[in-house]
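Novice: Please see the structure below; I have some questions.
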Amino acid sequence: MAKIVLTETETEICTLLNRVADHIRATTNEQLTLRIAGGWVRDKLLGLASHDIDIAVDHMSGFTLAQHVTSYMQLHSIATSSVGKINSNPSRSKHLETATTKVLGQFVDFVHLRSETYEEDSRIPQIEFGTPEEDARRRDITINALFYNLRTREVEDFTGRGLKDLEEGVVRTPMDAEQTFKDDPLRVLRVLRFASRFGYEIEKETARAMEREVVRSELERKISRERVGVEVEKMAEGERPVLAIQLILKFGLYECVFRAPPRETWTDDVDVDAMAAESVTRCTLKMLDEASLHALIPSQYSVTLHDRRILILASYVYPFHAAVATDRKRNASVALLVVRDGLKLPTNDADSIAAVHMLVPRITAMAALCCAGPVERNTLGHLIRDAGARWIVATVFAAAVQLHKGVSTDQVVATFSAFIRAVKEAELEDAFKLKHI
């Protein structure tokens, strides 16, 4: 039997919520079973810390339960906060109303168990109160369909496969995979994300369904670009961004996920080599781990988690780096348009990624000059001023691109280290802050 080891705070929260359920039964004769659902159970079984506690309740709405919880805590002089109601928002993949409040200092979400049915032309389900079995079956993958019963303190696996899949490292849908994906094609991307996050294998029938044209067409037709962008962001920020892009390519989803503007808007017939996305991502991670290069970077420009995210996203859309399209009567980088319109990520992200792509040839050429000998200070200064605060991020990416093109690691490190060293020796790290004369 799988066991979960609770922290002291988690134990206190579970005990308190059971007392609330007892109080409800004593005062209203309503007998409730409370369970923690989903990702918290998975992560705890994997030995990972998790603060994402979702309480699933039968026979009562989550909002009503949350109100009972706060009333009980007030009755016993326990600090409370207001109950927030997060309304359903199907366009954002939020199909169910959720309530949230603080319990013993930790935010806890409350939802009711549910069943879902889908119309053929929509990914927005009709929702009704459901049983634990129905709630487990409607979830995306079995390892996300586990429950922790607060009363028995035991893990419940109503799909009959979740615990085994977690132990064996398998990602599989609880029900028929093709129907699961046709009902809500967003689950295709969630399968990819969790497989890449944990390094798990996608079960054969699940994989076969993902390869079917009908599933890909439903992903194109039903899923908003915002939702696609959210999943891609999470893949880029995860521990295995290379595996994520590998899986996108393996299942033939690159063009669907990274949707470009129509070809007739492109100014030139540029070849897009989608496979380059994997290679550049791998090379970018290599450069991010290259200690000798990063030892030279000025401390104020150390690569942050935000910078890493930009670099991974720039790698994902690198196949579009040379393409230009007409947008609102102006020419724009296709990579920018993919990020801004195809993924609906913030305009600042799109601008940063396009700028990093644009700076690659200039920084590469300058690095080669610095490696060959002294470079005039004004020449270096103009480049840093044009690149702005992102000059280090662009340098790391330019190095990754050279690695992708087959230049040896030693040569890449030597060349771009010479560039960074020249900038520092000329005291031009902050040249972009200087006012034009």
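Chain identifiers are assigned as A, B, and so on, following the order in which chains appear in the structure tokens; residues are numbered from 1 within each chain, and ligands are numbered from 1 in order of appearance.
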Name the residues in contact with Val396 of chain A at a cut-off of 8 Å, using only C-alpha atoms, excluding same-chain residues fewer than 2 positions from it; report them as a list in words.

Specialist: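 Final neighbour list, sorted by chain and number: Thr284, Met287, Leu288, Ile392, Val393, Ala394, Ala398, Ala399 and Ala400 of chain A.
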
Novice: Please list as a PDB file with all heavy atoms, in the first residue's frame every residue within 9 Å of segment 238-240 of chain A, counting only C-alpha atoms and excluding residues in the same chain fewer than 5 positions away.

Specialist:
ATOM      1  N   ARG A 193       3.651  17.412 -21.635  1.00  0.00           N
ATOM      2  CA  ARG A 193       4.292  18.176 -20.557  1.00  0.00           C
ATOM      3  C   ARG A 193       4.668  17.284 -19.374  1.00  0.00           C
ATOM      4  O   ARG A 193       5.784  17.383 -18.840  1.00  0.00           O
ATOM      5  CB  ARG A 193       3.378  19.315 -20.084  1.00  0.00           C
ATOM      6  CG  ARG A 193       3.943  20.070 -18.893  1.00  0.00           C
ATOM      7  CD  ARG A 193       3.340  21.436 -18.760  1.00  0.00           C
ATOM      8  NE  ARG A 193       1.940  21.420 -18.456  1.00  0.00           N
ATOM      9  CZ  ARG A 193       1.420  21.311 -17.217  1.00  0.00           C
ATOM     10  NH1 ARG A 193       2.232  21.177 -16.182  1.00  0.00           N
ATOM     11  NH2 ARG A 193       0.114  21.340 -17.013  1.00  0.00           N
ATOM     12  N   SER A 196       7.531  14.891 -20.262  1.00  0.00           N
ATOM     13  CA  SER A 196       8.838  15.561 -20.267  1.00  0.00           C
ATOM     14  C   SER A 196       9.239  16.013 -18.865  1.00  0.00           C
ATOM     15  O   SER A 196      10.415  15.961 -18.497  1.00  0.00           O
ATOM     16  CB  SER A 196       8.825  16.756 -21.227  1.00  0.00           C
ATOM     17  OG  SER A 196       7.891  17.743 -20.828  1.00  0.00           O
ATOM     18  N   ARG A 197       8.270  16.425 -18.071  1.00  0.00           N
ATOM     19  CA  ARG A 197       8.590  16.887 -16.712  1.00  0.00           C
ATOM     20  C   ARG A 197       9.217  15.771 -15.883  1.00  0.00           C
ATOM     21  O   ARG A 197      10.223  15.969 -15.190  1.00  0.00           O
ATOM     22  CB  ARG A 197       7.322  17.387 -16.014  1.00  0.00           C
ATOM     23  CG  ARG A 197       7.540  17.765 -14.547  1.00  0.00           C
ATOM     24  CD  ARG A 197       6.262  18.241 -13.896  1.00  0.00           C
ATOM     25  NE  ARG A 197       6.449  18.451 -12.472  1.00  0.00           N
ATOM     26  CZ  ARG A 197       5.473  18.809 -11.632  1.00  0.00           C
ATOM     27  NH1 ARG A 197       4.253  19.009 -12.091  1.00  0.00           N
ATOM     28  NH2 ARG A 197       5.722  18.968 -10.350  1.00  0.00           N
ATOM     29  N   PHE A 198       8.652  14.566 -15.971  1.00  0.00           N
ATOM     30  CA  PHE A 198       9.132  13.465 -15.144  1.00  0.00           C
ATOM     31  C   PHE A 198      10.028  12.485 -15.893  1.00  0.00           C
ATOM     32  O   PHE A 198      10.576  11.565 -15.297  1.00  0.00           O
ATOM     33  CB  PHE A 198       7.944  12.708 -14.539  1.00  0.00           C
ATOM     34  CG  PHE A 198       7.118  13.528 -13.582  1.00  0.00           C
ATOM     35  CD1 PHE A 198       5.809  13.864 -13.880  1.00  0.00           C
ATOM     36  CD2 PHE A 198       7.662  13.981 -12.393  1.00  0.00           C
ATOM     37  CE1 PHE A 198       5.046  14.626 -13.007  1.00  0.00           C
ATOM     38  CE2 PHE A 198       6.914  14.746 -11.508  1.00  0.00           C
ATOM     39  CZ  PHE A 198       5.600  15.072 -11.816  1.00  0.00           C
ATOM     40  N   GLY A 199      10.181  12.687 -17.204  1.00  0.00           N
ATOM     41  CA  GLY A 199      10.977  11.756 -17.986  1.00  0.00           C
ATOM     42  C   GLY A 199      10.301  10.407 -18.129  1.00  0.00           C
ATOM     43  O   GLY A 199      10.971   9.373 -18.211  1.00  0.00           O
ATOM     44  N   GLU A 233       4.938  27.265 -22.270  1.00  0.00           N
ATOM     45  CA  GLU A 233       5.701  27.954 -21.221  1.00  0.00           C
ATOM     46  C   GLU A 233       6.119  26.996 -20.111  1.00  0.00           C
ATOM     47  O   GLU A 233       7.266  27.004 -19.649  1.00  0.00           O
ATOM     48  CB  GLU A 233       4.862  29.083 -20.617  1.00  0.00           C
ATOM     49  CG  GLU A 233       5.040  30.422 -21.270  1.00  0.00           C
ATOM     50  CD  GLU A 233       4.522  31.524 -20.367  1.00  0.00           C
ATOM     51  OE1 GLU A 233       3.329  31.531 -20.057  1.00  0.00           O
ATOM     52  OE2 GLU A 233       5.335  32.382 -19.982  1.00  0.00           O
TER      53      GLU A 233
END

Novice: Tell me, in Å to one decimal, how far atom CA of Lys344 of chain A is from atom CA of Phe397 of chain A.

Specialist: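 Separation between atom CA of Lys344 of chain A and atom CA of Phe397 of chain A: 22.6 Å.
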
Novice: Would you mind listing what lies within 12 Å of Thr98 of chain A as a PyMOL selection string, with only C-alpha atoms counted and same-chain residues fewer than 5 positions away left out?

Specialist: chain A and resi 54-57+61-66+83-89+108-113

Novice: Could the residues in this selection be saved with N, CA, C and O atoms as a PDB file, in the first residue's frame?

Specialist:
ATOM      1  N   ASP A  54      -5.636  20.619  -3.135  1.00  0.00           N
ATOM      2  CA  ASP A  54      -6.994  20.729  -3.672  1.00  0.00           C
ATOM      3  C   ASP A  54      -7.875  19.735  -2.937  1.00  0.00           C
ATOM      4  O   ASP A  54      -7.658  18.519  -3.032  1.00  0.00           O
ATOM      5  N   ILE A  55      -8.863  20.234  -2.214  1.00  0.00           N
ATOM      6  CA  ILE A  55      -9.784  19.364  -1.487  1.00  0.00           C
ATOM      7  C   ILE A  55     -11.013  19.101  -2.356  1.00  0.00           C
ATOM      8  O   ILE A  55     -11.705  20.034  -2.768  1.00  0.00           O
ATOM      9  N   ALA A  56     -11.264  17.831  -2.626  1.00  0.00           N
ATOM     10  CA  ALA A  56     -12.436  17.428  -3.391  1.00  0.00           C
ATOM     11  C   ALA A  56     -13.483  16.886  -2.428  1.00  0.00           C
ATOM     12  O   ALA A  56     -13.171  16.062  -1.558  1.00  0.00           O
ATOM     13  N   VAL A  57     -14.713  17.357  -2.568  1.00  0.00           N
ATOM     14  CA  VAL A  57     -15.775  16.981  -1.647  1.00  0.00           C
ATOM     15  C   VAL A  57     -16.960  16.403  -2.419  1.00  0.00           C
ATOM     16  O   VAL A  57     -17.261  16.842  -3.532  1.00  0.00           O
ATOM     17  N   SER A  61     -20.908  21.828  -2.776  1.00  0.00           N
ATOM     18  CA  SER A  61     -20.021  22.627  -3.617  1.00  0.00           C
ATOM     19  C   SER A  61     -18.765  22.998  -2.846  1.00  0.00           C
ATOM     20  O   SER A  61     -18.768  23.072  -1.600  1.00  0.00           O
ATOM     21  N   GLY A  62     -17.692  23.245  -3.565  1.00  0.00           N
ATOM     22  CA  GLY A  62     -16.452  23.647  -2.928  1.00  0.00           C
ATOM     23  C   GLY A  62     -16.592  24.952  -2.174  1.00  0.00           C
ATOM     24  O   GLY A  62     -16.028  25.126  -1.086  1.00  0.00           O
ATOM     25  N   PHE A  63     -17.367  25.878  -2.730  1.00  0.00           N
ATOM     26  CA  PHE A  63     -17.550  27.187  -2.096  1.00  0.00           C
ATOM     27  C   PHE A  63     -18.284  27.043  -0.766  1.00  0.00           C
ATOM     28  O   PHE A  63     -17.901  27.650   0.245  1.00  0.00           O
ATOM     29  N   THR A  64     -19.321  26.203  -0.748  1.00  0.00           N
ATOM     30  CA  THR A  64     -20.059  25.985   0.498  1.00  0.00           C
ATOM     31  C   THR A  64     -19.165  25.355   1.556  1.00  0.00           C
ATOM     32  O   THR A  64     -19.181  25.746   2.727  1.00  0.00           O
ATOM     33  N   LEU A  65     -18.353  24.362   1.159  1.00  0.00           N
ATOM     34  CA  LEU A  65     -17.438  23.735   2.107  1.00  0.00           C
ATOM     35  C   LEU A  65     -16.446  24.752   2.650  1.00  0.00           C
ATOM     36  O   LEU A  65     -16.161  24.780   3.864  1.00  0.00           O
ATOM     37  N   ALA A  66     -15.896  25.593   1.779  1.00  0.00           N
ATOM     38  CA  ALA A  66     -14.928  26.598   2.228  1.00  0.00           C
ATOM     39  C   ALA A  66     -15.554  27.547   3.239  1.00  0.00           C
ATOM     40  O   ALA A  66     -14.897  27.945   4.221  1.00  0.00           O
ATOM     41  N   VAL A  83     -13.029  33.972   1.801  1.00  0.00           N
ATOM     42  CA  VAL A  83     -13.153  32.893   0.828  1.00  0.00           C
ATOM     43  C   VAL A  83     -13.244  33.505  -0.553  1.00  0.00           C
ATOM     44  O   VAL A  83     -14.129  34.302  -0.839  1.00  0.00           O
ATOM     45  N   GLY A  84     -12.298  33.138  -1.401  1.00  0.00           N
ATOM     46  CA  GLY A  84     -12.324  33.630  -2.772  1.00  0.00           C
ATOM     47  C   GLY A  84     -12.999  32.621  -3.677  1.00  0.00           C
ATOM     48  O   GLY A  84     -12.808  31.419  -3.534  1.00  0.00           O
ATOM     49  N   LYS A  85     -13.811  33.125  -4.583  1.00  0.00           N
ATOM     50  CA  LYS A  85     -14.473  32.247  -5.549  1.00  0.00           C
ATOM     51  C   LYS A  85     -13.866  32.492  -6.922  1.00  0.00           C
ATOM     52  O   LYS A  85     -13.864  33.619  -7.426  1.00  0.00           O
ATOM     53  N   ILE A  86     -13.301  31.435  -7.502  1.00  0.00           N
ATOM     54  CA  ILE A  86     -12.735  31.513  -8.849  1.00  0.00           C
ATOM     55  C   ILE A  86     -13.745  30.892  -9.791  1.00  0.00           C
ATOM     56  O   ILE A  86     -13.950  29.674  -9.800  1.00  0.00           O
ATOM     57  N   ASN A  87     -14.423  31.749 -10.535  1.00  0.00           N
ATOM     58  CA  ASN A  87     -15.477  31.262 -11.416  1.00  0.00           C
ATOM     59  C   ASN A  87     -14.916  30.414 -12.542  1.00  0.00           C
ATOM     60  O   ASN A  87     -13.754  30.548 -12.923  1.00  0.00           O
ATOM     61  N   SER A  88     -15.756  29.560 -13.064  1.00  0.00           N
ATOM     62  CA  SER A  88     -15.340  28.755 -14.217  1.00  0.00           C
ATOM     63  C   SER A  88     -15.035  29.684 -15.382  1.00  0.00           C
ATOM     64  O   SER A  88     -15.689  30.706 -15.571  1.00  0.00           O
ATOM     65  N   ASN A  89     -14.013  29.318 -16.154  1.00  0.00           N
ATOM     66  CA  ASN A  89     -13.612  30.094 -17.325  1.00  0.00           C
ATOM     67  C   ASN A  89     -13.129  29.113 -18.386  1.00  0.00           C
ATOM     68  O   ASN A  89     -11.927  28.872 -18.509  1.00  0.00           O
ATOM     69  N   VAL A 108      -5.679  26.774   0.433  1.00  0.00           N
ATOM     70  CA  VAL A 108      -6.275  25.493   0.065  1.00  0.00           C
ATOM     71  C   VAL A 108      -7.432  25.767  -0.879  1.00  0.00           C
ATOM     72  O   VAL A 108      -8.223  26.690  -0.656  1.00  0.00           O
ATOM     73  N   ASP A 109      -7.508  24.970  -1.961  1.00  0.00           N
ATOM     74  CA  ASP A 109      -8.621  25.082  -2.904  1.00  0.00           C
ATOM     75  C   ASP A 109      -9.657  24.015  -2.594  1.00  0.00           C
ATOM     76  O   ASP A 109      -9.323  22.898  -2.167  1.00  0.00           O
ATOM     77  N   PHE A 110     -10.915  24.354  -2.856  1.00  0.00           N
ATOM     78  CA  PHE A 110     -12.019  23.438  -2.591  1.00  0.00           C
ATOM     79  C   PHE A 110     -12.870  23.297  -3.852  1.00  0.00           C
ATOM     80  O   PHE A 110     -13.307  24.299  -4.430  1.00  0.00           O
ATOM     81  N   VAL A 111     -13.111  22.048  -4.261  1.00  0.00           N
ATOM     82  CA  VAL A 111     -13.946  21.772  -5.435  1.00  0.00           C
ATOM     83  C   VAL A 111     -14.826  20.566  -5.110  1.00  0.00           C
ATOM     84  O   VAL A 111     -14.565  19.823  -4.166  1.00  0.00           O
ATOM     85  N   HIS A 112     -15.876  20.380  -5.902  1.00  0.00           N
ATOM     86  CA  HIS A 112     -16.677  19.170  -5.714  1.00  0.00           C
ATOM     87  C   HIS A 112     -16.290  18.123  -6.747  1.00  0.00           C
ATOM     88  O   HIS A 112     -15.813  18.444  -7.845  1.00  0.00           O
ATOM     89  N   LEU A 113     -16.445  16.869  -6.377  1.00  0.00           N
ATOM     90  CA  LEU A 113     -16.220  15.780  -7.325  1.00  0.00           C
ATOM     91  C   LEU A 113     -17.185  15.954  -8.487  1.00  0.00           C
ATOM     92  O   LEU A 113     -18.330  16.364  -8.299  1.00  0.00           O
TER      93      LEU A 113
END

Novice: May I have the residues within 12 Å of Leu345 of chain A as a PDB file with C-alpha atoms, in the first residue's frame, using only C-alpha atoms and disregarding those fewer than 2 positions away in the same chain?

Specialist:
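Once written, out-v5.pdb looks like this:
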ATOM      1  CA  ARG A 225      -3.734  29.797 -28.617  1.00  0.00           C
ATOM      2  CA  GLU A 226      -3.552  31.099 -25.043  1.00  0.00           C
ATOM      3  CA  ARG A 227      -3.917  27.559 -23.702  1.00  0.00           C
ATOM      4  CA  VAL A 228      -1.255  26.279 -26.096  1.00  0.00           C
ATOM      5  CA  GLY A 229       1.051  29.055 -24.913  1.00  0.00           C
ATOM      6  CA  VAL A 230       0.520  28.172 -21.238  1.00  0.00           C
ATOM      7  CA  GLU A 231       1.527  24.557 -21.871  1.00  0.00           C
ATOM      8  CA  VAL A 232       4.590  25.536 -23.944  1.00  0.00           C
ATOM      9  CA  GLU A 233       5.701  27.954 -21.221  1.00  0.00           C
ATOM     10  CA  PHE A 258       4.167  26.852 -33.005  1.00  0.00           C
ATOM     11  CA  ILE A 310      13.560  33.434 -22.932  1.00  0.00           C
ATOM     12  CA  LEU A 313      11.617  29.787 -26.053  1.00  0.00           C
ATOM     13  CA  LEU A 336       8.058  37.206 -33.096  1.00  0.00           C
ATOM     14  CA  LEU A 337       4.649  36.525 -34.630  1.00  0.00           C
ATOM     15  CA  VAL A 338       4.735  32.879 -33.580  1.00  0.00           C
ATOM     16  CA  VAL A 339       5.411  33.880 -29.970  1.00  0.00           C
ATOM     17  CA  ARG A 340       3.045  36.852 -29.900  1.00  0.00           C
ATOM     18  CA  ASP A 341       0.113  35.477 -31.914  1.00  0.00           C
ATOM     19  CA  GLY A 342       0.705  31.727 -32.126  1.00  0.00           C
ATOM     20  CA  LEU A 343       1.396  31.283 -28.415  1.00  0.00           C
ATOM     21  CA  THR A 347       4.671  41.201 -26.314  1.00  0.00           C
ATOM     22  CA  ASN A 348       7.821  41.838 -24.257  1.00  0.00           C
ATOM     23  CA  ASP A 349       8.712  38.150 -24.581  1.00  0.00           C
ATOM     24  CA  ALA A 350       8.130  38.205 -28.333  1.00  0.00           C
ATOM     25  CA  ASP A 351      10.253  41.351 -28.709  1.00  0.00           C
ATOM     26  CA  SER A 352      13.074  39.880 -26.605  1.00  0.00           C
ATOM     27  CA  ILE A 353      13.153  36.641 -28.579  1.00  0.00           C
TER      28      ILE A 353
END

Novice: Need the shell around Asp269 of chain A: protein/DNA/RNA residues with any atom at most 10 Å away, counting only C-alpha atoms. Skip same-chain ones fewer than 5 positions apart. Format as a list in words?

Specialist: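 Counting only C-alpha atoms, the residues come to Arg263, Glu264, Ala323 and Val324 of chain A.
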
Novice: Let me see the file: selected residues, N, CA and C atoms, as a PDB file, in the first residue's frame.

Specialist:
ATOM      1  N   ARG A 263       1.666  31.451 -45.076  1.00  0.00           N
ATOM      2  CA  ARG A 263       2.850  31.568 -45.927  1.00  0.00           C
ATOM      3  C   ARG A 263       2.734  32.712 -46.930  1.00  0.00           C
ATOM      4  N   GLU A 264       1.514  33.013 -47.365  1.00  0.00           N
ATOM      5  CA  GLU A 264       1.369  34.083 -48.357  1.00  0.00           C
ATOM      6  C   GLU A 264       1.742  35.448 -47.797  1.00  0.00           C
ATOM      7  N   ALA A 323      12.951  34.073 -41.154  1.00  0.00           N
ATOM      8  CA  ALA A 323      11.723  34.377 -41.901  1.00  0.00           C
ATOM      9  C   ALA A 323      11.133  35.723 -41.479  1.00  0.00           C
ATOM     10  N   VAL A 324      10.599  36.418 -42.457  1.00  0.00           N
ATOM     11  CA  VAL A 324       9.957  37.724 -42.239  1.00  0.00           C
ATOM     12  C   VAL A 324       8.590  37.679 -42.896  1.00  0.00           C
TER      13      VAL A 324
END
